[in-house]
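Notes to accompany the following structure.
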Amino acid sequence: MQHKPFNPERIRATWSGTASVEDAAQAFGMSKSKGYDLALRGEFPCRVLLIGRAASVVTASLRRVLEGGEPDYNGAVSTSTNPS
């Protein structure tokens, strides 16, 4: 039996706490450019950490979306560390 390269069990076993937007985009079947576009707009299907010009996807959030099908969006991106 052949396994999909981006199934939740394989991701849990082989990925660290964060992943590249490129890898996460592939897991959702989208292009790298579409993934970055959605990440920068706060509309990527799972949580994305934006630190300076770098973006990383939270692997636990990615797994939840792949397993449950419900998006876990960042929503509006805030530059403040204090919640309002």
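Letters A, B, ... mark the chains of the structure tokens in the order given; residue numbers begin at 1 per chain; ligand numbers begin at 1, in order shown.
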Based on the backbone DSSP call, show me all residues of chain A assigned alpha helix (DSSP H), as a short mmCIF file (atom, residue, chain, number, x, y, z; two decimals) with N, CA and C atoms, in the first residue's frame.
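In the end it all went to result-v6.cif:
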data_model
loop_
_atom_site.label_atom_id
_atom_site.label_comp_id
_atom_site.auth_asym_id
_atom_site.auth_seq_id
_atom_site.Cartn_x
_atom_site.Cartn_y
_atom_site.Cartn_z
N PRO A 8 -1.65 13.08 7.94
CA PRO A 8 -1.40 13.58 9.30
C PRO A 8 -0.46 12.71 10.13
N GLU A 9 -0.55 11.38 9.98
CA GLU A 9 0.32 10.49 10.77
C GLU A 9 1.79 10.65 10.38
N ARG A 10 2.04 10.76 9.09
CA ARG A 10 3.42 10.95 8.62
C ARG A 10 3.96 12.31 9.05
N ILE A 11 3.12 13.33 8.97
CA ILE A 11 3.54 14.66 9.42
C ILE A 11 3.87 14.65 10.90
N ARG A 12 3.02 14.01 11.71
CA ARG A 12 3.27 13.92 13.15
C ARG A 12 4.60 13.23 13.44
N ALA A 13 4.91 12.19 12.68
CA ALA A 13 6.11 11.40 12.92
C ALA A 13 7.38 12.05 12.40
N THR A 14 7.28 12.87 11.36
CA THR A 14 8.52 13.32 10.71
C THR A 14 8.75 14.83 10.70
N VAL A 21 6.13 27.24 4.64
CA VAL A 21 4.88 27.51 3.94
C VAL A 21 4.83 26.66 2.67
N GLU A 22 5.96 26.48 2.03
CA GLU A 22 6.02 25.68 0.81
C GLU A 22 5.57 24.24 1.07
N ASP A 23 6.10 23.60 2.12
CA ASP A 23 5.71 22.23 2.44
C ASP A 23 4.24 22.14 2.83
N ALA A 24 3.78 23.09 3.63
CA ALA A 24 2.38 23.08 4.06
C ALA A 24 1.44 23.31 2.87
N ALA A 25 1.83 24.20 1.96
CA ALA A 25 1.02 24.44 0.77
C ALA A 25 0.90 23.15 -0.05
N GLN A 26 2.00 22.42 -0.18
CA GLN A 26 1.96 21.15 -0.90
C GLN A 26 1.03 20.15 -0.21
N ALA A 27 1.02 20.15 1.12
CA ALA A 27 0.14 19.25 1.87
C ALA A 27 -1.33 19.54 1.56
N LYS A 32 3.32 26.89 -4.11
CA LYS A 32 4.09 27.68 -3.14
C LYS A 32 3.65 29.13 -3.16
N SER A 33 3.48 29.70 -4.35
CA SER A 33 3.10 31.12 -4.43
C SER A 33 1.71 31.36 -3.86
N LYS A 34 0.77 30.46 -4.10
CA LYS A 34 -0.57 30.59 -3.52
C LYS A 34 -0.48 30.48 -2.00
N GLY A 35 0.34 29.57 -1.50
CA GLY A 35 0.52 29.42 -0.07
C GLY A 35 1.05 30.69 0.59
N TYR A 36 2.07 31.29 0.00
CA TYR A 36 2.62 32.53 0.56
C TYR A 36 1.62 33.67 0.46
N ASP A 37 0.88 33.74 -0.64
CA ASP A 37 -0.13 34.77 -0.79
C ASP A 37 -1.17 34.67 0.33
N LEU A 38 -1.68 33.47 0.57
CA LEU A 38 -2.67 33.27 1.64
C LEU A 38 -2.07 33.54 3.02
N ALA A 39 -0.84 33.11 3.24
CA ALA A 39 -0.19 33.30 4.53
C ALA A 39 -0.03 34.79 4.85
N LEU A 40 0.40 35.56 3.88
CA LEU A 40 0.61 36.99 4.10
C LEU A 40 -0.70 37.74 4.31
N THR A 59 2.81 23.19 12.79
CA THR A 59 2.53 21.82 12.37
C THR A 59 1.29 21.24 13.04
N ALA A 60 1.09 21.49 14.33
CA ALA A 60 -0.09 20.97 15.03
C ALA A 60 -1.38 21.50 14.40
N SER A 61 -1.38 22.76 14.01
CA SER A 61 -2.54 23.35 13.35
C SER A 61 -2.75 22.71 11.98
N LEU A 62 -1.68 22.49 11.25
CA LEU A 62 -1.76 21.84 9.95
C LEU A 62 -2.40 20.45 10.09
N ARG A 63 -1.94 19.68 11.08
CA ARG A 63 -2.50 18.34 11.29
C ARG A 63 -3.98 18.40 11.63
N ARG A 64 -4.37 19.35 12.50
CA ARG A 64 -5.79 19.47 12.86
C ARG A 64 -6.64 19.74 11.63
N VAL A 65 -6.17 20.61 10.76
CA VAL A 65 -6.95 20.93 9.55
C VAL A 65 -7.02 19.73 8.62
N LEU A 66 -5.90 19.03 8.44
CA LEU A 66 -5.90 17.86 7.57
C LEU A 66 -6.79 16.75 8.13
N GLU A 67 -6.80 16.59 9.45
CA GLU A 67 -7.60 15.54 10.08
C GLU A 67 -9.07 15.90 10.15
N GLY A 68 -9.39 17.16 10.44
CA GLY A 68 -10.77 17.54 10.67
C GLY A 68 -11.43 18.30 9.54
#
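Here the DSSP assignment of strand (DSSP E or B), based on backbone atoms, applies within chain A to A:Thr18, A:Ala19, A:Ser20, A:Val48, A:Leu49, A:Leu50, A:Ile51, A:Ala54, A:Ala55, A:Ser56, A:Val57, A:Val58.
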